[in-house]
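Enquirer: Sharing work05.tsv here; it has TSV, C-alpha atoms.
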chain	number	residue	atom	x	y	z
A	1	MET	CA	7.90	-44.69	-14.36
A	2	ASN	CA	8.76	-41.23	-15.66
A	3	PHE	CA	12.13	-41.96	-17.27
A	4	PRO	CA	13.29	-38.29	-17.71
A	5	LEU	CA	12.37	-37.51	-14.09
A	6	PHE	CA	14.19	-40.63	-12.84
A	7	ILE	CA	17.40	-39.79	-14.75
A	8	ALA	CA	17.19	-36.10	-13.73
A	9	ARG	CA	16.93	-37.07	-10.07
A	10	LYS	CA	19.94	-39.38	-10.37
A	11	ILE	CA	22.01	-36.64	-12.03
A	12	TYR	CA	20.97	-34.05	-9.46
A	13	ASN	CA	21.77	-36.32	-6.50
A	14	ASP	CA	25.09	-37.41	-8.00
A	15	LYS	CA	27.85	-35.55	-6.15
A	16	GLY	CA	30.44	-36.70	-8.68
A	17	ASP	CA	33.79	-35.04	-9.05
A	18	LYS	CA	34.13	-31.93	-6.92
A	19	HIS	CA	36.15	-30.34	-9.71
A	20	GLN	CA	33.31	-30.57	-12.23
A	21	VAL	CA	32.72	-27.30	-14.08
A	22	SER	CA	28.96	-27.64	-13.63
A	23	ARG	CA	29.04	-27.57	-9.84
A	24	PRO	CA	29.89	-23.85	-9.53
A	25	ALA	CA	27.43	-23.17	-12.36
A	26	ILE	CA	24.68	-24.94	-10.43
A	27	ARG	CA	25.50	-22.95	-7.30
A	28	ILE	CA	25.50	-19.66	-9.23
A	29	ALA	CA	22.17	-20.54	-10.87
A	30	THR	CA	20.67	-21.46	-7.49
A	31	ILE	CA	21.92	-18.25	-5.90
A	32	GLY	CA	20.65	-16.22	-8.86
A	33	VAL	CA	17.15	-17.65	-8.52
A	34	ALA	CA	17.20	-17.21	-4.72
A	35	ILE	CA	18.32	-13.57	-4.88
A	36	GLY	CA	15.89	-12.74	-7.66
A	37	LEU	CA	12.92	-14.26	-5.84
A	38	ALA	CA	13.87	-12.70	-2.49
A	39	VAL	CA	14.18	-9.25	-4.06
A	40	MET	CA	10.80	-9.65	-5.80
A	41	ILE	CA	9.05	-10.73	-2.59
A	42	ILE	CA	10.60	-7.89	-0.57
A	43	SER	CA	9.86	-5.29	-3.26
A	44	VAL	CA	6.20	-6.23	-3.59
A	45	SER	CA	5.71	-6.45	0.20
A	46	VAL	CA	7.32	-3.06	0.83
A	47	VAL	CA	5.40	-1.31	-1.96
A	48	LEU	CA	2.08	-2.83	-0.85
A	49	GLY	CA	2.81	-1.91	2.76
A	50	PHE	CA	3.79	1.63	1.83
A	51	LYS	CA	0.80	2.19	-0.46
A	52	HIS	CA	-1.74	0.85	2.01
A	53	THR	CA	-0.19	2.71	4.96
A	54	ILE	CA	-0.28	6.06	3.16
A	55	ARG	CA	-3.73	5.33	1.74
A	56	ASP	CA	-5.11	4.49	5.19
A	57	LYS	CA	-3.67	7.70	6.62
A	58	VAL	CA	-5.29	9.82	3.91
A	59	ILE	CA	-8.57	7.96	4.41
A	60	GLY	CA	-8.25	8.46	8.17
A	61	PHE	CA	-8.47	12.21	7.67
A	62	GLY	CA	-11.37	12.09	5.21
A	63	CYS	CA	-12.94	8.63	4.91
A	64	HIS	CA	-13.69	6.94	1.58
A	65	ILE	CA	-16.50	9.12	0.21
A	66	THR	CA	-17.39	12.72	1.03
A	67	VAL	CA	-20.89	14.10	0.49
A	68	ALA	CA	-21.04	17.90	0.55
A	69	ASP	CA	-22.31	20.95	-1.30
A	70	PHE	CA	-21.43	20.89	-5.01
A	71	LEU	CA	-19.51	24.17	-4.84
A	72	ALA	CA	-17.62	23.11	-1.71
A	73	LEU	CA	-16.14	20.16	-3.59
A	74	GLN	CA	-15.05	22.42	-6.45
A	75	GLU	CA	-13.60	25.30	-4.42
A	76	GLU	CA	-11.79	25.73	-1.12
A	77	ARG	CA	-14.42	28.12	0.26
A	78	PRO	CA	-16.82	26.68	2.84
A	79	TYR	CA	-20.37	26.12	1.61
A	80	PRO	CA	-22.76	24.59	4.15
A	81	ILE	CA	-25.15	21.78	3.41
A	82	CYS	CA	-28.03	20.61	5.59
A	83	ILE	CA	-27.61	17.03	6.76
A	84	ASP	CA	-30.76	16.15	8.71
A	85	ASP	CA	-31.86	12.78	10.08
A	86	SER	CA	-33.60	11.80	6.83
A	87	MET	CA	-30.44	12.39	4.77
A	88	MET	CA	-28.35	10.51	7.33
A	89	ASN	CA	-30.72	7.54	6.97
A	90	VAL	CA	-30.47	7.71	3.18
A	91	LEU	CA	-26.67	7.64	3.33
A	92	LYS	CA	-26.64	4.81	5.88
A	93	GLY	CA	-28.91	2.82	3.59
A	94	VAL	CA	-26.52	2.96	0.62
A	95	LYS	CA	-25.26	-0.53	-0.20
A	96	GLY	CA	-21.65	-0.96	0.87
A	97	VAL	CA	-21.61	1.96	3.34
A	98	LYS	CA	-20.35	0.98	6.78
A	99	HIS	CA	-20.38	4.27	8.68
A	100	VAL	CA	-21.58	7.87	8.22
A	101	GLN	CA	-20.30	10.90	10.16
A	102	ARG	CA	-20.80	14.65	9.90
A	103	TYR	CA	-18.07	17.27	9.95
A	104	ALA	CA	-17.67	21.06	9.72
A	105	MET	CA	-14.52	22.96	8.76
A	106	LYS	CA	-13.45	26.38	10.01
A	107	GLN	CA	-10.21	28.28	9.44
A	108	GLY	CA	-8.52	29.89	12.41
A	109	ILE	CA	-5.22	31.14	13.81
A	110	LEU	CA	-3.60	29.60	16.89
A	111	LYS	CA	-1.71	32.32	18.81
A	112	THR	CA	0.83	32.02	21.60
A	113	ASP	CA	2.99	34.69	23.20
A	114	SER	CA	5.83	34.06	20.79
A	115	ASP	CA	4.30	32.67	17.60
A	116	PHE	CA	1.13	32.02	15.63
A	117	MET	CA	-0.02	29.46	13.08
A	118	GLY	CA	-2.93	29.20	10.66
A	119	VAL	CA	-4.87	25.93	11.01
A	120	MET	CA	-8.08	24.29	9.89
A	121	PHE	CA	-10.47	23.24	12.63
A	122	LYS	CA	-12.37	20.08	11.82
A	123	GLY	CA	-15.47	19.86	13.96
A	124	VAL	CA	-16.79	16.36	14.51
A	125	ALA	CA	-19.76	14.97	16.40
A	126	GLU	CA	-20.66	12.04	18.62
A	127	GLU	CA	-20.74	9.56	15.74
A	128	TYR	CA	-17.18	10.33	14.65
A	129	ASP	CA	-15.06	7.17	14.37
A	130	THR	CA	-11.93	7.92	16.43
A	131	THR	CA	-10.11	4.67	15.56
A	132	PHE	CA	-7.62	6.38	13.26
A	133	ILE	CA	-6.84	9.14	15.77
A	134	HIS	CA	-6.48	6.61	18.60
A	135	GLN	CA	-3.88	4.74	16.54
A	136	ASN	CA	-1.85	7.92	16.10
A	137	MET	CA	-2.18	9.53	19.54
A	138	VAL	CA	1.12	10.35	21.22
A	139	GLU	CA	-0.13	12.27	24.26
A	140	GLY	CA	-3.39	12.90	26.09
A	141	THR	CA	-6.86	11.60	25.31
A	142	ILE	CA	-9.57	12.22	22.76
A	143	PRO	CA	-12.39	14.32	24.23
A	144	LYS	CA	-16.04	13.39	23.73
A	145	PHE	CA	-16.90	15.42	20.66
A	146	SER	CA	-20.41	16.79	20.52
A	147	SER	CA	-22.87	18.50	18.18
A	148	LYS	CA	-24.89	19.93	21.08
A	149	ALA	CA	-22.31	21.80	23.17
A	150	SER	CA	-18.70	22.93	23.18
A	151	SER	CA	-16.11	21.41	25.50
A	152	ASN	CA	-13.49	23.99	24.45
A	153	LYS	CA	-11.02	21.13	24.03
A	154	ILE	CA	-9.03	20.45	20.88
A	155	LEU	CA	-6.63	17.92	19.43
A	156	ILE	CA	-3.55	19.23	17.69
A	157	SER	CA	-0.73	17.53	15.82
A	158	ARG	CA	2.80	17.04	17.10
A	159	MET	CA	3.99	19.36	14.31
A	160	THR	CA	1.69	22.15	15.52
A	161	ALA	CA	2.62	21.58	19.15
A	162	ASP	CA	6.35	21.75	18.37
A	163	LYS	CA	6.04	24.89	16.27
A	164	LEU	CA	4.00	26.77	18.88
A	165	LYS	CA	5.76	25.14	21.85
A	166	LEU	CA	2.47	23.86	23.24
A	167	LYS	CA	2.13	21.06	25.76
A	168	LEU	CA	-0.70	18.85	26.89
A	169	GLY	CA	-3.18	20.84	29.01
A	170	ASP	CA	-1.97	24.26	27.81
A	171	LYS	CA	-4.48	26.99	27.04
A	172	VAL	CA	-4.23	28.61	23.63
A	173	PHE	CA	-6.08	31.54	22.11
A	174	THR	CA	-7.56	31.10	18.64
A	175	TYR	CA	-8.69	33.92	16.38
A	176	PHE	CA	-11.32	33.66	13.64
A	177	ILE	CA	-11.65	36.36	11.00
A	178	ASP	CA	-14.97	36.78	9.12
A	179	ASN	CA	-16.00	39.84	7.13
A	180	ASN	CA	-13.52	42.11	8.95
A	181	ASP	CA	-14.82	40.80	12.27
A	182	VAL	CA	-12.34	39.08	14.60
A	183	ARG	CA	-13.52	36.63	17.21
A	184	ALA	CA	-11.35	34.99	19.84
A	185	ARG	CA	-11.79	31.66	21.62
A	186	LYS	CA	-9.67	29.98	24.24
A	187	PHE	CA	-9.15	26.24	23.92
A	188	SER	CA	-7.44	23.61	26.06
A	189	ILE	CA	-5.06	21.08	24.50
A	190	ALA	CA	-6.68	17.72	25.28
A	191	GLY	CA	-4.41	15.56	23.14
A	192	ILE	CA	-1.63	15.48	20.58
A	193	TYR	CA	-1.55	13.18	17.54
A	194	GLN	CA	1.12	12.39	14.95
A	195	THR	CA	0.47	10.69	11.60
A	196	ASN	CA	3.66	11.94	9.84
A	197	LEU	CA	1.47	12.92	6.87
A	198	THR	CA	2.77	16.48	6.70
A	199	ARG	CA	0.05	17.80	4.42
A	200	PHE	CA	-2.57	17.15	7.10
A	201	ASP	CA	-0.55	17.28	10.32
A	202	LYS	CA	0.45	20.89	9.84
A	203	ILE	CA	-3.09	22.23	9.40
A	204	ILE	CA	-5.73	19.92	10.95
A	205	CYS	CA	-7.00	20.40	14.50
A	206	PHE	CA	-10.03	18.55	15.84
A	207	CYS	CA	-12.79	20.18	17.87
A	208	ASP	CA	-16.52	19.79	18.56
A	209	LEU	CA	-18.91	19.97	15.62
A	210	TYR	CA	-20.99	22.45	17.62
A	211	THR	CA	-18.00	24.80	17.86
A	212	SER	CA	-17.26	24.82	14.13
A	213	VAL	CA	-20.91	25.29	13.16
A	214	LYS	CA	-21.35	28.23	15.54
A	215	LEU	CA	-18.11	29.88	14.45
A	216	ASN	CA	-19.26	29.63	10.82
A	217	GLY	CA	-22.61	31.18	11.75
A	218	TRP	CA	-24.58	28.41	10.08
A	219	GLU	CA	-28.17	27.38	10.67
A	220	GLU	CA	-29.27	24.32	12.60
A	221	GLY	CA	-28.44	21.11	10.73
A	222	GLN	CA	-25.94	22.77	8.41
A	223	VAL	CA	-22.45	21.26	8.24
A	224	SER	CA	-19.59	21.11	5.74
A	225	GLY	CA	-20.64	17.59	4.75
A	226	THR	CA	-20.60	13.94	5.70
A	227	GLU	CA	-17.91	11.29	5.42
A	228	LEU	CA	-18.78	7.74	4.42
A	229	THR	CA	-16.72	4.67	5.25
A	230	VAL	CA	-17.23	1.67	2.94
A	231	ASN	CA	-17.08	-2.00	3.81
A	232	ASP	CA	-14.76	-2.95	0.95
A	233	TYR	CA	-12.28	-0.50	-0.56
A	234	ASN	CA	-12.13	-2.60	-3.73
A	235	LEU	CA	-15.82	-1.78	-4.27
A	236	LEU	CA	-15.34	1.96	-3.71
A	237	LYS	CA	-16.36	2.87	-7.28
A	238	GLU	CA	-19.56	0.80	-7.12
A	239	THR	CA	-20.51	2.29	-3.74
A	240	GLU	CA	-19.85	5.82	-4.96
A	241	ASP	CA	-22.03	5.17	-8.04
A	242	ASP	CA	-24.86	4.19	-5.71
A	243	VAL	CA	-24.35	7.41	-3.72
A	244	VAL	CA	-24.45	9.40	-6.96
A	245	ARG	CA	-27.78	7.81	-7.96
A	246	LYS	CA	-29.44	8.37	-4.58
A	247	VAL	CA	-27.97	11.69	-3.40
A	248	ASN	CA	-26.22	13.72	-6.10
A	249	ARG	CA	-28.13	16.60	-7.69
A	250	THR	CA	-30.76	16.59	-4.93
A	251	THR	CA	-31.14	19.74	-2.80
A	252	ASP	CA	-31.53	20.44	0.90
A	253	LYS	CA	-34.20	22.67	2.45
A	254	TYR	CA	-32.00	25.73	1.87
A	255	GLY	CA	-31.65	24.98	-1.84
A	256	GLN	CA	-28.03	23.76	-1.73
A	257	THR	CA	-27.11	20.93	-4.12
A	258	PHE	CA	-25.65	17.66	-2.88
A	259	SER	CA	-22.60	16.16	-4.56
A	260	SER	CA	-20.06	13.47	-3.71
A	261	SER	CA	-16.40	12.71	-4.26
A	262	THR	CA	-14.13	9.80	-3.39
A	263	VAL	CA	-10.90	10.10	-1.43
A	264	GLU	CA	-8.96	9.38	-4.65
A	265	GLN	CA	-10.71	12.22	-6.47
A	266	MET	CA	-10.08	14.64	-3.61
A	267	ASN	CA	-6.39	13.73	-3.31
A	268	PRO	CA	-5.32	12.99	-6.92
A	269	GLN	CA	-1.66	13.92	-6.40
A	270	ILE	CA	-1.15	11.44	-3.58
A	271	PHE	CA	-2.94	8.54	-5.28
A	272	THR	CA	-1.28	9.20	-8.64
A	273	TRP	CA	2.08	9.11	-6.86
A	274	LEU	CA	1.14	5.83	-5.17
A	275	ASP	CA	0.04	4.34	-8.50
A	276	LEU	CA	3.45	5.19	-9.97
A	277	LEU	CA	5.01	2.85	-7.41
A	278	ASP	CA	3.39	-0.04	-9.28
A	279	LEU	CA	5.55	0.75	-12.30
A	280	ASN	CA	8.67	0.45	-10.15
A	281	VAL	CA	7.51	-2.96	-8.94
A	282	TRP	CA	6.92	-4.23	-12.47
A	283	ILE	CA	10.38	-3.04	-13.52
A	284	ILE	CA	11.98	-4.81	-10.53
A	285	LEU	CA	10.01	-8.00	-11.22
A	286	ALA	CA	11.06	-7.99	-14.88
A	287	LEU	CA	14.73	-7.39	-14.04
A	288	MET	CA	14.85	-10.08	-11.35
A	289	ILE	CA	13.13	-12.65	-13.55
A	290	CYS	CA	15.64	-11.84	-16.29
A	291	VAL	CA	18.50	-12.33	-13.82
A	292	ALA	CA	17.10	-15.69	-12.71
A	293	GLY	CA	16.44	-16.76	-16.31
A	294	ILE	CA	19.90	-15.80	-17.61
A	295	THR	CA	21.72	-17.56	-14.78
A	296	MET	CA	19.62	-20.67	-15.35
A	297	ILE	CA	20.24	-20.62	-19.12
A	298	SER	CA	24.01	-20.31	-18.66
A	299	GLY	CA	23.96	-23.05	-16.01
A	300	LEU	CA	21.92	-25.40	-18.20
A	301	LEU	CA	24.25	-24.92	-21.19
A	302	ILE	CA	27.28	-25.72	-19.03
A	303	ILE	CA	25.57	-28.83	-17.65
A	304	ILE	CA	24.61	-30.03	-21.14
A	305	LEU	CA	28.13	-29.55	-22.47
A	306	GLU	CA	29.61	-31.34	-19.49
A	307	ARG	CA	27.18	-34.24	-19.91
A	308	THR	CA	27.80	-34.61	-23.65
A	309	ASN	CA	29.20	-38.13	-23.26
A	310	MET	CA	26.22	-39.22	-21.20
A	311	ILE	CA	23.81	-37.70	-23.76
A	312	GLY	CA	25.59	-39.62	-26.56
A	313	VAL	CA	25.34	-42.91	-24.64
A	314	ILE	CA	21.64	-42.42	-23.94
A	315	LYS	CA	21.02	-41.57	-27.59
A	316	ALA	CA	22.93	-44.68	-28.65
A	317	LEU	CA	20.66	-46.73	-26.40
A	318	GLY	CA	17.62	-45.39	-28.24
A	319	ALA	CA	16.52	-42.34	-26.25
A	320	ARG	CA	14.88	-39.60	-28.29
A	321	ASN	CA	15.93	-35.96	-28.24
A	322	ARG	CA	12.61	-35.04	-26.62
A	323	THR	CA	13.20	-37.46	-23.75
A	324	ILE	CA	16.69	-36.11	-23.10
A	325	ARG	CA	15.45	-32.51	-23.27
A	326	HIS	CA	12.80	-33.33	-20.67
A	327	THR	CA	15.49	-34.90	-18.51
A	328	PHE	CA	17.53	-31.72	-18.40
A	329	LEU	CA	14.44	-29.57	-17.96
A	330	TRP	CA	13.53	-31.66	-14.91
A	331	PHE	CA	17.11	-31.20	-13.72
A	332	ALA	CA	16.69	-27.45	-14.11
A	333	VAL	CA	13.42	-27.59	-12.16
A	334	PHE	CA	15.29	-29.13	-9.22
A	335	ILE	CA	17.83	-26.29	-9.31
A	336	ILE	CA	15.09	-23.66	-9.61
A	337	GLY	CA	13.14	-25.28	-6.80
A	338	ARG	CA	16.10	-25.19	-4.46
A	339	GLY	CA	16.78	-21.56	-5.34
A	340	MET	CA	13.11	-20.68	-4.77
A	341	LEU	CA	13.18	-22.40	-1.38
A	342	TRP	CA	16.11	-20.26	-0.23
A	343	GLY	CA	14.61	-17.17	-1.87
A	344	ASN	CA	11.38	-17.62	0.09
A	345	ILE	CA	13.25	-18.20	3.33
A	346	VAL	CA	15.36	-15.06	2.88
A	347	GLY	CA	12.58	-12.86	1.49
A	348	ILE	CA	9.85	-13.80	3.96
A	349	GLY	CA	12.36	-13.87	6.81
A	350	LEU	CA	13.48	-10.28	6.14
A	351	ILE	CA	9.87	-9.13	5.81
A	352	ALA	CA	8.98	-10.76	9.14
A	353	LEU	CA	12.04	-9.19	10.78
A	354	GLN	CA	11.03	-5.72	9.57
A	355	HIS	CA	7.37	-6.25	10.48
A	356	TYR	CA	8.03	-7.25	14.07
A	357	THR	CA	11.09	-5.12	14.85
A	358	GLY	CA	10.95	-2.13	12.46
A	359	ILE	CA	14.73	-2.40	12.20
A	360	VAL	CA	14.89	-0.29	9.01
A	361	SER	CA	13.80	3.26	9.80
A	362	LEU	CA	12.89	6.17	7.53
A	363	ASP	CA	12.71	9.94	7.78
A	364	PRO	CA	8.99	10.60	8.40
A	365	SER	CA	9.24	14.15	7.04
A	366	THR	CA	10.14	12.69	3.64
A	367	TYR	CA	8.44	9.29	3.51
A	368	TYR	CA	5.46	9.95	5.88
A	369	VAL	CA	6.33	6.84	7.91
A	370	SER	CA	9.00	6.29	10.58
A	371	THR	CA	9.83	2.69	9.58
A	372	VAL	CA	9.66	0.76	6.31
A	373	PRO	CA	6.11	-0.64	6.16
A	374	VAL	CA	5.70	-4.19	4.88
A	375	GLU	CA	2.63	-6.26	4.15
A	376	PHE	CA	2.24	-10.03	4.03
A	377	ASN	CA	0.15	-11.15	1.09
A	378	PHE	CA	0.59	-14.87	0.64
A	379	LEU	CA	-1.51	-15.01	-2.53
A	380	ILE	CA	0.82	-12.54	-4.24
A	381	ILE	CA	3.90	-14.35	-2.89
A	382	LEU	CA	2.49	-17.62	-4.25
A	383	ALA	CA	1.83	-15.95	-7.62
A	384	ILE	CA	5.43	-14.65	-7.72
A	385	ASN	CA	6.73	-18.16	-7.00
A	386	ILE	CA	4.59	-19.72	-9.74
A	387	ALA	CA	5.52	-17.00	-12.24
A	388	THR	CA	9.23	-17.41	-11.45
A	389	LEU	CA	9.06	-21.17	-11.94
A	390	VAL	CA	7.03	-20.99	-15.17
A	391	VAL	CA	9.08	-18.19	-16.76
A	392	SER	CA	12.39	-19.82	-15.80
A	393	VAL	CA	11.38	-23.19	-17.26
A	394	LEU	CA	10.00	-21.63	-20.43
A	395	ALA	CA	13.25	-19.69	-20.87
A	396	LEU	CA	15.16	-23.01	-20.83
A	397	ILE	CA	13.16	-24.69	-23.58
A	398	ALA	CA	15.07	-23.05	-26.44
A	399	PRO	CA	18.57	-23.74	-24.97
A	400	SER	CA	17.58	-27.37	-24.36
A	401	TYR	CA	17.38	-27.89	-28.14
A	402	LEU	CA	21.18	-27.88	-28.13
A	403	ILE	CA	20.81	-31.57	-27.31
A	404	SER	CA	19.45	-32.19	-30.82
A	405	PHE	CA	22.85	-31.26	-32.31
A	406	ILE	CA	24.79	-33.80	-30.25
A	407	HIS	CA	25.58	-36.95	-32.30
A	408	PRO	CA	26.28	-40.23	-30.45
A	409	ALA	CA	29.41	-41.08	-32.47
A	410	LYS	CA	31.05	-37.70	-32.03
A	411	SER	CA	30.02	-37.38	-28.40
A	412	MET	CA	32.01	-40.53	-27.47
A	413	ARG	CA	35.24	-38.67	-28.33
A	414	TYR	CA	34.14	-35.42	-26.66
A	415	GLU	CA	36.12	-34.28	-23.62
What does this structure look like when you write it as structure tokens?
Expert:
Amino acid sequence: MNFPLFIARKIYNDKGDKHQVSRPAIRIATIGVAIGLAVMIISVSVVLGFKHTIRDKVIGFGCHITVADFLALQEERPYPICIDDSMMNVLKGVKGVKHVQRYAMKQGILKTDSDFMGVMFKGVAEEYDTTFIHQNMVEGTIPKFSSKASSNKILISRMTADKLKLKLGDKVFTYFIDNNDVRARKFSIAGIYQTNLTRFDKIICFCDLYTSVKLNGWEEGQVSGTELTVNDYNLLKETEDDVVRKVNRTTDKYGQTFSSSTVEQMNPQIFTWLDLLDLNVWIILALMICVAGITMISGLLIIILERTNMIGVIKALGARNRTIRHTFLWFAVFIIGRGMLWGNIVGIGLIALQHYTGIVSLDPSTYYVSTVPVEFNFLIILAINIATLVVSVLALIAPSYLISFIHPAKSMRYE
């Protein structure tokens, strides 16, 4: 039988005198651990949810890896690159690549009777993955984009529609200026999307690839580039290295040089900002663990002082200091365990409530999302629980040595 564990269980289950000083201390320690753990779980879940939601929105507009002309990736001017069937097959054959799609960009001006707005038309073809747009559609439908013909239908954002007072099905004139030459096209609003990612919502409109290529005056097969979706985002760097080896520094039939860039390299401000959120999480974790540790240390010291007579008796009966220390450490584990139980219930419960109801809302113009995003990651929650238990117990080892200074003879007279 584990003697320290047996004694610790007896002490923990002993209700004793309701006026004992240690009882409020135990409650405070339990509450401290519960609050600390709940805050850590909620903080990590919210930050993970926020990071992944914003990341997925940025990726939705540009995929994981972009292959384009070298100069186009360095400047904002459009430089065409020829993506023929052979290059498409090369890109599809890259290990880790899930999907490949072409695109062509063209600047234009949407004009109504009362207002106008500069936008960027993103022409996409039949192979374009519309999953992201489907998830963010608020009105209308997504037309069948084509590289062979123009449907004269476009998708615009809710921000653009509100500014120009456009509705679903409206006709809108668009003007394109090239070398002092102005061309006009009339498009029909087929659908309206809203991602709340202001940087993209206020400029991106979707149209046929054929339309963008013709408006740019490019040759057959020329586009702005291709977008690659990877199977595993965690292997993005390895996949991009494979693309670099197979594609970068090669040239198309017009002599243009291929190059590639990841979504993180093309949007450094956004991903640097998201990485800074990790620092906030580490600070919160450190503070909450300190709170839990301090409350447990103060609680343990009170319990030891209150049990001085019992410690003296056990010592008189032959128990070693190490055995008694282990007894009180086991006692502390019971308190920590109860606090962790309540912390998990509160933390996971609040996350579930937010996930299924979205009860806490945000200003999308500031935070890019309308509700607080949360993400369940049970491995991380388990790691937080283990770390809390280990750190709390380790923090109690030094205070437990107070037992070594208690002498049996003196402890009998202690009150």
Enquirer: Quick one: residues within 9 Å of Phe200 (chain A), only C-alpha atoms counted, chain neighbours fewer than 3 positions away excluded, as a PyMOL selection string?
Expert: chain A and resi 58+61+157+195-197+203-204
Enquirer: What gap, in Å, lies between CA of Ala352 (chain A) and CA of Val138 (chain A)?
Expert: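 Atom-to-atom, CA of Ala352 (chain A) and CA of Val138 (chain A) are spaced 25.6 Å apart.
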Enquirer: Could you please determine the separation between CA of Ala184 (chain A) and CA of Ser224 (chain A) in Å, to one decimal place?
Expert: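 Pair CA of Ala184 (chain A) / CA of Ser224 (chain A) returns 21.4 Å.
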Enquirer: Of the candidates A:Leu91, A:Ile403, A:Val33, A:Met117, which one gets nearest to Lys315 (chain A) if we count all atoms listed in the file?
Expert: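 Counting all atoms listed in the file, the residue closest to Lys315 (chain A) is A:Ile403.
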Enquirer: For a quick check of understanding, using only C-alpha atoms, which of A:Gly347, A:Gly169, A:Pro24, A:Gly108 has the smallest distance to Ser212 (chain A)?
Expert: A:Gly108
Enquirer: Could you check how far CA of Arg27 (chain A) sits from CA of Leu396 (chain A), in Å to one decimal?
Expert: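 The value is 17.0 Å.
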Enquirer: If we count only C-alpha atoms and set the cut-off at 8 Å, which residues sit around region 72-78 of chain A, ignoring sequence neighbours fewer than 6 positions away in its own chain? Please answer as a list in words.
Expert: Met105, Lys106, Ser224, Ser259, Ser260 and Ser261 of chain A
Enquirer: Atoms to include: C-alpha atoms. Write the selected residues as a PDB file, in the coordinates of the input.
Expert:
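File again-v6.pdb, as written:
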ATOM      1  CA  MET A 105     -14.520  22.960   8.760  1.00  0.00           C
ATOM      2  CA  LYS A 106     -13.450  26.380  10.010  1.00  0.00           C
ATOM      3  CA  SER A 224     -19.590  21.110   5.740  1.00  0.00           C
ATOM      4  CA  SER A 259     -22.600  16.160  -4.560  1.00  0.00           C
ATOM      5  CA  SER A 260     -20.060  13.470  -3.710  1.00  0.00           C
ATOM      6  CA  SER A 261     -16.400  12.710  -4.260  1.00  0.00           C
TER       7      SER A 261
END
Enquirer: For Leu276 (chain A), which of A:Met159, A:Ile83, A:Val369, A:Val47 is the closest residue, counting all atoms listed in the file?
Expert: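 Among the listed residues, the smallest separation from Leu276 (chain A) belongs to A:Val47.
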Enquirer: Centre and edge lengths, as JSON, for the axis-aligned box enclosing every listed atom of region 235-243 of chain A with 8 Å of padding on each of the six sides, in Å to one decimal?
Expert:
{"center_x": -20.1, "center_y": 2.8, "center_z": -5.9, "size_x": 25.5, "size_y": 25.2, "size_z": 20.3}
Enquirer: Can you tell me, as a PyMOL selection string, what residues are no more than 9 Å from region 384-395 of chain A when counting only C-alpha atoms, ignoring any on the same chain fewer than 2 positions away?
Expert: chain A and resi 33+36-37+40-41+285+289-290+292-294+296-297+329+332-333+336-337+340+344+379-382+397-399
Enquirer: Using only C-alpha atoms, can you list as a list of chain:residue names the residues within 12 Å of (-32.5, 19.3, -2.1)?
Expert: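 Here the neighbourhood of the point contains A:Ala68, A:Asp69, A:Phe70, A:Ile81, A:Cys82, A:Ile83, A:Asp84, A:Ser86, A:Met87, A:Lys246, A:Val247, A:Asn248, A:Arg249, A:Thr250, A:Thr251, A:Asp252, A:Lys253, A:Tyr254, A:Gly255, A:Gln256, A:Thr257, A:Phe258, A:Ser259.
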Enquirer: Contacts of region 8-13 of chain A at 7 Å or less, counting all atoms listed in the file, minus same-chain residues fewer than 5 places along, as a PyMOL selection string?
Expert: chain A and resi 327-328+330-331
Enquirer: Which one of A:Leu300, A:Ala104, A:Ile35, A:Ile283 sits closest to Phe334 (chain A) if you count only C-alpha atoms?
Expert: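 Nearest to Phe334 (chain A): A:Leu300.
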Enquirer: Between A:Leu48, A:Ala25, A:Ile177, A:Ile31, single out the one closest to Leu341 (chain A), counting all atoms listed in the file.
Expert: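 Nearest to Leu341 (chain A): A:Ile31.
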Enquirer: Which neighbours of Val97 (chain A) fall inside 8 Å, counting all atoms listed in the file, when residues of the same chain fewer than 4 positions from it are skipped, and could you give them as a VMD selection string?
Expert: chain A and resid 91 to 93 228 to 231 239
Enquirer: Can you work out which one of A:Gly343, A:Gly118, A:Gly96, A:Gly60 has the shortest atom-to-atom distance to Ile133 (chain A), counting all atoms listed in the file?
Expert: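 Closest residue, counting all atoms listed in the file: A:Gly60.
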